[in-house]
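**Q** Sending over model-v7.tsv (TSV, C-alpha atoms).
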```
chain	number	residue	atom	x	y	z
A	1	MET	CA	0.00	0.00	0.00
A	2	VAL	CA	1.32	3.41	-0.94
A	3	THR	CA	1.61	5.55	2.17
A	4	ASN	CA	4.30	8.00	1.10
A	5	ILE	CA	2.60	10.97	-0.47
A	6	THR	CA	5.06	13.72	0.42
A	7	ASN	CA	7.79	13.23	-2.19
A	8	LEU	CA	8.16	15.98	-4.77
A	9	SER	CA	7.01	14.51	-8.07
A	10	ARG	CA	5.13	11.42	-6.93
A	11	SER	CA	7.64	9.52	-9.05
A	12	GLY	CA	10.93	8.19	-7.74
A	13	LEU	CA	12.44	8.28	-11.21
A	14	TYR	CA	11.48	11.91	-11.75
A	15	ASP	CA	12.82	12.90	-8.32
A	16	TRP	CA	16.03	11.06	-9.17
A	17	MET	CA	16.42	13.00	-12.43
A	18	LEU	CA	15.58	16.34	-10.82
A	19	GLN	CA	18.11	15.65	-8.06
A	20	ARG	CA	20.84	15.23	-10.68
A	21	LEU	CA	19.88	18.14	-12.96
A	22	THR	CA	19.79	20.53	-9.99
A	23	ALA	CA	23.09	19.05	-8.75
A	24	VAL	CA	24.76	20.08	-12.02
A	25	VAL	CA	23.39	23.64	-11.70
A	26	LEU	CA	24.53	23.87	-8.07
A	27	GLY	CA	27.95	22.43	-8.87
A	28	ALA	CA	28.45	24.94	-11.69
A	29	TYR	CA	27.29	27.85	-9.51
A	30	SER	CA	29.54	26.81	-6.61
A	31	VAL	CA	32.60	26.47	-8.83
A	32	PHE	CA	31.88	29.82	-10.50
A	33	LEU	CA	31.31	31.79	-7.30
A	34	LEU	CA	34.18	30.22	-5.35
A	35	GLY	CA	36.47	30.60	-8.37
A	36	TYR	CA	35.46	34.26	-8.63
A	37	LEU	CA	36.27	34.86	-4.96
A	38	VAL	CA	39.59	33.00	-5.20
A	39	ILE	CA	40.83	34.93	-8.26
A	40	ASN	CA	39.66	38.26	-6.80
A	41	PRO	CA	41.40	38.62	-3.43
A	42	GLY	CA	40.77	41.96	-1.73
A	43	LEU	CA	37.44	42.27	-3.54
A	44	GLN	CA	35.81	45.69	-3.17
A	45	PHE	CA	32.12	46.51	-2.83
A	46	GLY	CA	31.85	48.21	-6.24
A	47	GLN	CA	33.06	45.25	-8.28
A	48	TRP	CA	31.01	42.78	-6.21
A	49	ALA	CA	27.81	44.83	-6.49
A	50	GLU	CA	28.40	45.24	-10.24
A	51	LEU	CA	28.58	41.47	-10.66
A	52	PHE	CA	25.24	41.04	-8.92
A	53	ASP	CA	23.73	43.89	-10.94
A	54	GLU	CA	24.18	41.84	-14.10
A	55	THR	CA	20.96	40.21	-15.25
A	56	TRP	CA	22.71	36.93	-16.11
A	57	MET	CA	24.16	36.76	-12.58
A	58	ARG	CA	20.73	37.33	-11.04
A	59	ILE	CA	19.29	34.62	-13.28
A	60	PHE	CA	22.16	32.26	-12.41
A	61	THR	CA	21.77	32.97	-8.68
A	62	LEU	CA	17.99	32.61	-8.69
A	63	LEU	CA	18.29	29.41	-10.72
A	64	ALA	CA	20.74	28.10	-8.11
A	65	LEU	CA	18.36	29.01	-5.27
A	66	ILE	CA	15.41	27.31	-6.95
A	67	SER	CA	17.66	24.32	-7.61
A	68	ILE	CA	18.47	24.23	-3.90
A	69	LEU	CA	14.75	24.26	-3.13
A	70	ALA	CA	14.20	21.12	-5.23
A	71	HIS	CA	17.56	19.45	-4.49
A	72	ALA	CA	17.48	19.93	-0.72
A	73	TRP	CA	13.78	19.08	-0.53
A	74	ILE	CA	14.40	15.72	-2.23
A	75	GLY	CA	17.47	15.13	-0.05
A	76	MET	CA	15.81	16.08	3.23
A	77	TRP	CA	12.70	14.11	2.25
A	78	THR	CA	14.89	11.05	1.65
A	79	ILE	CA	16.62	11.48	4.99
A	80	THR	CA	13.40	12.00	6.95
A	81	THR	CA	11.72	8.98	5.35
A	82	ASP	CA	14.83	6.83	5.91
A	83	TYR	CA	15.39	7.61	9.58
A	84	PHE	CA	12.14	8.99	11.00
A	85	ASN	CA	10.09	6.00	9.90
A	86	ASP	CA	7.89	3.36	11.52
A	87	ARG	CA	10.87	1.10	12.19
A	88	ALA	CA	12.59	3.74	14.27
A	89	PHE	CA	9.61	5.53	15.82
A	90	GLY	CA	6.67	3.13	15.61
A	91	ARG	CA	3.38	3.45	13.74
A	92	LYS	CA	2.86	7.10	14.65
A	93	SER	CA	6.21	8.11	13.13
A	94	VAL	CA	4.42	10.36	10.66
A	95	LEU	CA	3.76	12.71	13.59
A	96	ILE	CA	7.53	13.27	13.86
A	97	ARG	CA	8.35	13.03	10.16
A	98	PHE	CA	5.70	15.34	8.79
A	99	PRO	CA	6.47	18.34	11.05
A	100	LEU	CA	10.16	17.94	10.16
A	101	GLN	CA	9.30	17.97	6.47
A	102	ILE	CA	7.17	21.08	6.98
A	103	VAL	CA	10.08	22.83	8.72
A	104	CYS	CA	12.42	21.84	5.86
A	105	PHE	CA	10.05	23.16	3.24
A	106	ILE	CA	9.37	26.46	5.01
A	107	ALA	CA	13.12	26.98	5.53
A	108	LEU	CA	13.91	26.25	1.87
A	109	PHE	CA	11.04	28.36	0.58
A	110	SER	CA	12.16	31.21	2.85
A	111	TYR	CA	15.69	30.92	1.45
A	112	VAL	CA	14.34	31.49	-2.06
A	113	ILE	CA	12.25	34.52	-1.03
A	114	TRP	CA	15.15	35.93	0.99
A	115	GLY	CA	17.41	35.44	-2.03
A	116	VAL	CA	14.97	37.33	-4.26
A	117	GLN	CA	14.91	40.21	-1.78
A	118	ILE	CA	18.72	40.29	-1.63
A	119	LEU	CA	19.17	40.11	-5.41
A	120	TRP	CA	16.66	42.85	-6.21
A	121	GLY	CA	17.47	44.95	-3.15
A	122	LEU	CA	13.94	44.76	-1.74
B	1	MET	CA	-6.83	-3.15	2.12
B	2	TYR	CA	-7.21	-4.89	5.49
B	3	ALA	CA	-6.58	-8.28	3.93
B	4	THR	CA	-3.41	-6.98	2.31
B	5	GLU	CA	-2.19	-5.57	5.60
B	6	ARG	CA	-2.79	-8.83	7.47
B	7	TRP	CA	-1.15	-10.80	4.72
B	8	GLY	CA	1.78	-8.38	4.62
B	9	LYS	CA	2.29	-8.68	8.35
B	10	ARG	CA	2.39	-12.46	8.27
B	11	VAL	CA	4.94	-12.48	5.46
B	12	ASN	CA	7.06	-9.89	7.21
B	13	SER	CA	7.10	-11.78	10.47
B	14	LYS	CA	8.55	-14.87	8.80
B	15	ARG	CA	11.31	-13.05	7.00
B	16	PRO	CA	14.75	-12.96	8.57
B	17	VAL	CA	15.56	-9.27	8.66
B	18	ASN	CA	19.01	-7.96	9.39
B	19	LEU	CA	19.06	-4.41	8.18
B	20	ASP	CA	19.97	-2.96	11.56
B	21	ILE	CA	22.98	-0.93	10.49
B	22	THR	CA	24.32	-0.93	14.04
B	23	THR	CA	24.95	-4.68	13.77
B	24	ILE	CA	26.46	-4.70	10.28
B	25	LYS	CA	30.10	-4.00	9.56
B	26	LEU	CA	29.85	-1.26	6.97
B	27	PRO	CA	32.22	-1.03	4.02
B	28	LEU	CA	34.00	2.27	3.30
B	29	PRO	CA	31.56	3.37	0.55
B	30	ALA	CA	28.77	3.20	3.14
B	31	TYR	CA	30.61	5.75	5.30
B	32	THR	CA	31.20	8.07	2.35
B	33	SER	CA	27.49	7.77	1.59
B	34	ILE	CA	26.49	8.70	5.15
B	35	LEU	CA	28.96	11.61	5.07
B	36	HIS	CA	27.31	12.76	1.85
B	37	ARG	CA	24.01	12.97	3.72
B	38	ILE	CA	25.52	14.67	6.77
B	39	SER	CA	27.30	17.25	4.59
B	40	GLY	CA	24.02	17.86	2.78
B	41	VAL	CA	22.24	18.63	6.06
B	42	ILE	CA	25.11	20.94	7.09
B	43	LEU	CA	24.72	22.80	3.77
B	44	PHE	CA	20.95	23.05	4.29
B	45	VAL	CA	21.57	24.84	7.59
B	46	GLY	CA	24.71	26.64	6.38
B	47	LEU	CA	22.84	28.27	3.51
B	48	GLY	CA	21.21	30.54	6.09
B	49	PHE	CA	24.66	31.88	7.07
B	50	LEU	CA	25.67	32.26	3.42
B	51	LEU	CA	22.52	34.21	2.53
B	52	TYR	CA	23.05	36.43	5.57
B	53	GLY	CA	26.56	37.12	4.28
B	54	LEU	CA	25.30	37.77	0.74
B	55	ASP	CA	22.70	40.16	2.15
B	56	LEU	CA	25.35	42.13	4.06
B	57	SER	CA	27.72	42.10	1.07
B	58	LEU	CA	25.18	43.63	-1.32
B	59	ALA	CA	23.01	45.90	0.86
B	60	SER	CA	25.50	48.78	1.01
B	61	GLU	CA	29.19	49.62	1.09
B	62	GLU	CA	28.98	50.01	4.89
B	63	SER	CA	27.45	46.57	5.38
B	64	PHE	CA	30.01	45.13	2.94
B	65	ASP	CA	32.80	46.48	5.15
B	66	ALA	CA	30.95	45.29	8.26
B	67	LEU	CA	30.86	41.79	6.74
B	68	LYS	CA	34.62	41.97	6.06
B	69	ALA	CA	35.21	42.91	9.71
B	70	LEU	CA	32.86	40.14	10.83
B	71	LEU	CA	34.71	37.57	8.71
B	72	SER	CA	38.01	38.38	10.40
B	73	ALA	CA	36.70	36.89	13.66
B	74	PRO	CA	37.95	33.34	14.38
B	75	LEU	CA	34.45	31.96	14.97
B	76	ALA	CA	33.20	33.35	11.65
B	77	LYS	CA	36.21	31.91	9.84
B	78	PHE	CA	35.54	28.55	11.45
B	79	ILE	CA	31.89	28.59	10.38
B	80	ILE	CA	32.83	29.54	6.80
B	81	TRP	CA	35.47	26.81	6.74
B	82	GLY	CA	32.92	24.32	8.07
B	83	ILE	CA	30.40	25.21	5.38
B	84	LEU	CA	33.12	25.13	2.70
B	85	SER	CA	34.23	21.70	3.94
B	86	ALA	CA	30.69	20.38	3.67
B	87	LEU	CA	30.36	21.92	0.20
B	88	ILE	CA	33.66	20.42	-0.99
B	89	TYR	CA	32.80	16.97	0.30
B	90	HIS	CA	29.22	17.10	-0.98
B	91	PHE	CA	30.47	18.25	-4.40
B	92	ILE	CA	33.08	15.50	-4.77
B	93	ALA	CA	30.84	12.74	-3.41
B	94	GLY	CA	28.14	14.10	-5.73
B	95	VAL	CA	30.40	13.85	-8.77
B	96	LYS	CA	31.19	10.30	-7.71
B	97	HIS	CA	27.45	9.66	-7.55
B	98	LEU	CA	26.96	10.95	-11.10
B	99	LEU	CA	29.83	8.75	-12.31
B	100	MET	CA	28.25	5.74	-10.60
B	101	ASP	CA	24.98	6.57	-12.38
B	102	VAL	CA	26.78	5.96	-15.67
B	103	ASP	CA	28.33	2.75	-14.29
B	104	VAL	CA	31.76	4.17	-13.47
B	105	GLY	CA	33.13	2.94	-10.15
B	106	ASP	CA	30.09	1.00	-8.98
B	107	GLY	CA	31.75	-2.41	-8.66
B	108	LYS	CA	32.98	-3.92	-5.41
B	109	GLU	CA	36.64	-2.99	-5.84
B	110	SER	CA	36.13	0.15	-7.91
B	111	GLY	CA	33.54	1.32	-5.37
B	112	SER	CA	36.08	1.10	-2.56
B	113	LEU	CA	38.67	2.86	-4.69
B	114	GLY	CA	36.12	5.58	-5.49
B	115	ALA	CA	35.43	6.03	-1.78
B	116	ILE	CA	39.15	6.37	-1.04
B	117	ILE	CA	39.63	8.90	-3.86
B	118	THR	CA	36.61	10.86	-2.60
B	119	LEU	CA	38.00	11.04	0.92
B	120	VAL	CA	41.59	11.87	-0.06
B	121	LEU	CA	40.56	14.52	-2.59
B	122	SER	CA	38.14	16.08	-0.09
B	123	ILE	CA	40.71	16.20	2.72
B	124	VAL	CA	43.26	17.89	0.44
B	125	LEU	CA	40.75	20.48	-0.78
B	126	ILE	CA	39.37	21.06	2.73
B	127	ILE	CA	42.91	21.79	3.98
B	128	LEU	CA	43.45	24.16	1.04
B	129	ALA	CA	40.13	25.86	1.85
B	130	GLY	CA	41.32	26.29	5.44
B	131	VAL	CA	44.53	27.93	4.21
B	132	TRP	CA	42.46	30.22	1.96
B	133	VAL	CA	40.04	31.24	4.75
B	134	TRP	CA	42.81	31.96	7.29
```
Would you mind giving the structure from this file in structure tokens?
**A**
Amino acid sequence: MVTNITNLSRSGLYDWMLQRLTAVVLGAYSVFLLGYLVINPGLQFGQWAELFDETWMRIFTLLALISILAHAWIGMWTITTDYFNDRAFGRKSVLIRFPLQIVCFIALFSYVIWGVQILWGL
Amino acid sequence: MYATERWGKRVNSKRPVNLDITTIKLPLPAYTSILHRISGVILFVGLGFLLYGLDLSLASEESFDALKALLSAPLAKFIIWGILSALIYHFIAGVKHLLMDVDVGDGKESGSLGAIITLVLSIVLIILAGVWVW
């Protein structure tokens, strides 16, 4: 009987694919941003703010944040369903698991909104 | 539905189950897998710190300088290094995952080798990140 109804796409295969596509975006963004910071020691505000004024950088950053929303949701969902399950916490384990999943989602969703506010100076 | 549940229970009760990971000697790839999860959770929490830093860095020149002053504190450096360590490990173990998806390094021996490479590469880069932060 299917009792897990909280995973993102209702399809393990689709979640699997999304996890990997977002991983590539996040990997590229991490390498870019860390690389930028490494090759620009003593970075000043003007240059940094200019970078984040660029439309492509805002798109790249927002894409990374939305990727985190999906990527971390799938990851945290996997972890909560693996460890906070009936085997570990008995038949009422959903009462522990579901609130945790809610907290994860609200945190991730807040990260995206916060990111939008930062990027557009709201 | 009730019949299925009763039937399922009876089958389950007759099956020898030994998936209690506390009683199994885990191979190295299992530890790198668990570390991948732990580093992911650290990044989930750490993102809050990173966004706070990004906010300060872009809000104004004053807050940018305030962030620079903040980042000179040992505790802040340690937190940044911790988040970077999690990111480095999660990245490398993630690349290994993608390689395993295309059947590279998913055998018994190659899996162990992959786990060793993941750990060694991560440790080297984490040390380098520490040098960079301090």
**Q** Find the residues near range 36-52 of chain A: any atom within 7 Å, counting all atoms listed in the file, skip ones fewer than 5 places away on the same chain, and give them as a list in words.
**A** Met57 and Arg58 of chain A; Leu58, Glu61 and Phe64 of chain B
**Q** May I have the residues from that selection written out with C-alpha atoms, as a PDB file, in the frame of the given file?
**A**
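Contents of the output file out06.pdb:
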```pdb
ATOM      1  CA  MET A  57      24.160  36.760 -12.580  1.00  0.00           C
ATOM      2  CA  ARG A  58      20.730  37.330 -11.040  1.00  0.00           C
TER       3      ARG A  58
ATOM      4  CA  LEU B  58      25.180  43.630  -1.320  1.00  0.00           C
ATOM      5  CA  GLU B  61      29.190  49.620   1.090  1.00  0.00           C
ATOM      6  CA  PHE B  64      30.010  45.130   2.940  1.00  0.00           C
TER       7      PHE B  64
END
```
**Q** Compare B:Leu99, B:Ile127, B:Gly94, B:Ser112 by their minimum atom-to-atom distance to Gly27 in chain A, counting only C-alpha atoms, and give me the closest one.
**A** B:Gly94
**Q** Quick one: everything within 7 Å of Asp15 in chain A, counting only C-alpha atoms, minus sequence neighbours fewer than 5 positions away in the same chain. Send it as a list in words.
**A**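 Listed by chain and then number, they are Leu8, Ser9 and Ile74 of chain A.
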**Q** May I ask for the distance between CA of Met76 in chain A and CA of Ile96 in chain A, given in Å to one decimal place?
**A**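 These atoms are spaced 13.8 Å apart.
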**Q** By how many Å are CA of Trp134 in chain B and CA of Leu54 in chain B apart?
**A**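 Between these atoms lies a distance of 19.6 Å.
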**Q** Counting only C-alpha atoms, figure out which residue out of A:Ala88, A:Thr80, A:His71, A:Thr55 gets nearest to Gln19 in chain A.
**A**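 That would be A:His71, the residue with the smallest distance to Gln19 in chain A.
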**Q** Residues within 8 Å of Leu51 in chain B, please, as a short mmCIF file (atom, residue, chain, number, x, y, z; two decimals) with C-alpha atoms, in the coordinates of the input. Count all atoms listed in the file; anything in the same chain fewer than 3 positions from it doesn't count.
**A**
```cif
data_model
loop_
_atom_site.label_atom_id
_atom_site.label_comp_id
_atom_site.auth_asym_id
_atom_site.auth_seq_id
_atom_site.Cartn_x
_atom_site.Cartn_y
_atom_site.Cartn_z
CA TYR A 111 15.69 30.92 1.45
CA TRP A 114 15.15 35.93 0.99
CA GLY A 115 17.41 35.44 -2.03
CA LEU B 47 22.84 28.27 3.51
CA GLY B 48 21.21 30.54 6.09
CA LEU B 54 25.30 37.77 0.74
CA ASP B 55 22.70 40.16 2.15
#
```
**Q** How far is it from CA of Leu56 in chain B to CA of Trp120 in chain A, in Å with one decimal?
**A**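 The value is 13.5 Å.
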**Q** For chain A, which of B:Ser122, B:Ser110, B:Ser60, B:Ser85 is the closest residue, counting all atoms listed in the file?
**A**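 Closest residue, counting all atoms listed in the file: B:Ser60.
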**Q** With a distance cut-off of 12 Å and all atoms listed in the file, select the neighbouring residues of range 90-94 of chain A, excluding the residue or stretch itself and same-chain residues fewer than 5 positions from it, and output the selection as a list of chain:residue names.
**A**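 Those residues are A:Thr3, A:Asn4, A:Ile5, A:Thr6, A:Thr80, A:Thr81, A:Asp82, A:Tyr83, A:Phe84, A:Asn85, A:Pro99, A:Leu100, A:Gln101, A:Ile102.
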**Q** Name the residues in contact with range 31-41 of chain B at a cut-off of 8 Å, using only C-alpha atoms, excluding same-chain residues fewer than 6 positions from it; report them as JSON, numbers by chain.
**A** {"A": [72, 75, 76, 79], "B": [86, 87, 89, 90, 93, 94, 115, 118, 119]}
**Q** Output C-alpha atoms for every residue in that selection, as a CSV table (one decimal), in the frame of the given file.
**A**
```csv
chain,number,residue,atom,x,y,z
A,72,ALA,CA,17.5,19.9,-0.7
A,75,GLY,CA,17.5,15.1,0.0
A,76,MET,CA,15.8,16.1,3.2
A,79,ILE,CA,16.6,11.5,5.0
B,86,ALA,CA,30.7,20.4,3.7
B,87,LEU,CA,30.4,21.9,0.2
B,89,TYR,CA,32.8,17.0,0.3
B,90,HIS,CA,29.2,17.1,-1.0
B,93,ALA,CA,30.8,12.7,-3.4
B,94,GLY,CA,28.1,14.1,-5.7
B,115,ALA,CA,35.4,6.0,-1.8
B,118,THR,CA,36.6,10.9,-2.6
B,119,LEU,CA,38.0,11.0,0.9
```
**Q** With only C-alpha atoms as the atoms that count, which of A:Val103, A:Ile113, A:Ile59, A:Arg20 lies nearest to chain B?
**A**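 Closest to chain B of all the choices is A:Arg20.
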**Q** Around all of range 53-59 of chain B's listed atoms, make the axis-aligned box with 5 Å on each side and tell me centre and edge lengths in Å to one decimal, as lines of an AutoDock Vina configuration file.
**A**
```
center_x = 25.2
center_y = 41.5
center_z = 1.5
size_x = 15.0
size_y = 18.8
size_z = 15.6
```
**Q** Generate all heavy atoms for range 101-112 of chain B and emit them as a compact mmCIF listing (two decimals), in the coordinates of the input.
**A**
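Final output, saved to result_22.txt:
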```
# COMPACT_ATOMS: atom_id res chain seq x y z
N ASP B 101 26.22 6.66 -11.59
CA ASP B 101 24.98 6.57 -12.38
C ASP B 101 25.24 6.09 -13.80
O ASP B 101 24.39 5.47 -14.43
CB ASP B 101 24.27 7.93 -12.45
CG ASP B 101 23.64 8.31 -11.11
OD1 ASP B 101 23.44 7.39 -10.29
OD2 ASP B 101 23.35 9.48 -10.90
N VAL B 102 26.45 6.42 -14.32
CA VAL B 102 26.78 5.96 -15.67
C VAL B 102 27.73 4.76 -15.60
O VAL B 102 28.54 4.53 -16.49
CB VAL B 102 27.39 7.09 -16.54
CG1 VAL B 102 26.32 8.11 -16.89
CG2 VAL B 102 28.57 7.76 -15.86
N ASP B 103 27.61 4.03 -14.47
CA ASP B 103 28.33 2.75 -14.29
C ASP B 103 29.84 2.88 -14.20
O ASP B 103 30.56 1.93 -14.52
CB ASP B 103 27.96 1.76 -15.41
CG ASP B 103 26.60 1.12 -15.13
OD1 ASP B 103 26.14 1.21 -13.97
OD2 ASP B 103 26.02 0.52 -16.05
N VAL B 104 30.32 4.05 -13.74
CA VAL B 104 31.76 4.17 -13.47
C VAL B 104 31.97 4.03 -11.96
O VAL B 104 31.38 4.78 -11.18
CB VAL B 104 32.32 5.53 -13.97
CG1 VAL B 104 33.79 5.68 -13.56
CG2 VAL B 104 32.15 5.65 -15.47
N GLY B 105 32.78 3.07 -11.56
CA GLY B 105 33.13 2.94 -10.15
C GLY B 105 32.02 2.41 -9.28
O GLY B 105 31.92 2.78 -8.11
N ASP B 106 31.16 1.54 -9.82
CA ASP B 106 30.09 1.00 -8.98
C ASP B 106 30.28 -0.51 -8.71
O ASP B 106 29.38 -1.17 -8.23
CB ASP B 106 28.71 1.27 -9.59
CG ASP B 106 28.56 0.67 -10.98
OD1 ASP B 106 29.58 0.19 -11.50
OD2 ASP B 106 27.44 0.70 -11.52
N GLY B 107 31.46 -1.02 -9.00
CA GLY B 107 31.75 -2.41 -8.66
C GLY B 107 32.24 -2.51 -7.23
O GLY B 107 32.33 -1.52 -6.52
N LYS B 108 32.56 -3.74 -6.80
CA LYS B 108 32.98 -3.92 -5.41
C LYS B 108 34.34 -3.25 -5.15
O LYS B 108 34.50 -2.48 -4.22
CB LYS B 108 33.04 -5.41 -5.08
CG LYS B 108 32.97 -5.66 -3.59
CD LYS B 108 33.03 -7.13 -3.26
CE LYS B 108 33.19 -7.31 -1.74
NZ LYS B 108 33.68 -8.63 -1.41
N GLU B 109 35.30 -3.57 -6.03
CA GLU B 109 36.64 -2.99 -5.84
C GLU B 109 36.67 -1.52 -6.24
O GLU B 109 37.20 -0.68 -5.52
CB GLU B 109 37.69 -3.76 -6.65
CG GLU B 109 38.35 -4.90 -5.89
CD GLU B 109 37.66 -6.23 -6.19
OE1 GLU B 109 37.44 -6.48 -7.38
OE2 GLU B 109 37.35 -6.98 -5.26
N SER B 110 36.09 -1.23 -7.43
CA SER B 110 36.13 0.15 -7.91
C SER B 110 35.34 1.07 -6.98
O SER B 110 35.67 2.25 -6.83
CB SER B 110 35.60 0.24 -9.34
OG SER B 110 34.28 -0.22 -9.40
N GLY B 111 34.31 0.53 -6.32
CA GLY B 111 33.54 1.32 -5.37
C GLY B 111 34.38 1.73 -4.17
O GLY B 111 34.32 2.87 -3.71
N SER B 112 35.19 0.79 -3.67
CA SER B 112 36.08 1.10 -2.56
C SER B 112 37.13 2.13 -2.97
O SER B 112 37.43 3.06 -2.23
CB SER B 112 36.78 -0.17 -2.07
OG SER B 112 35.85 -0.97 -1.38
```
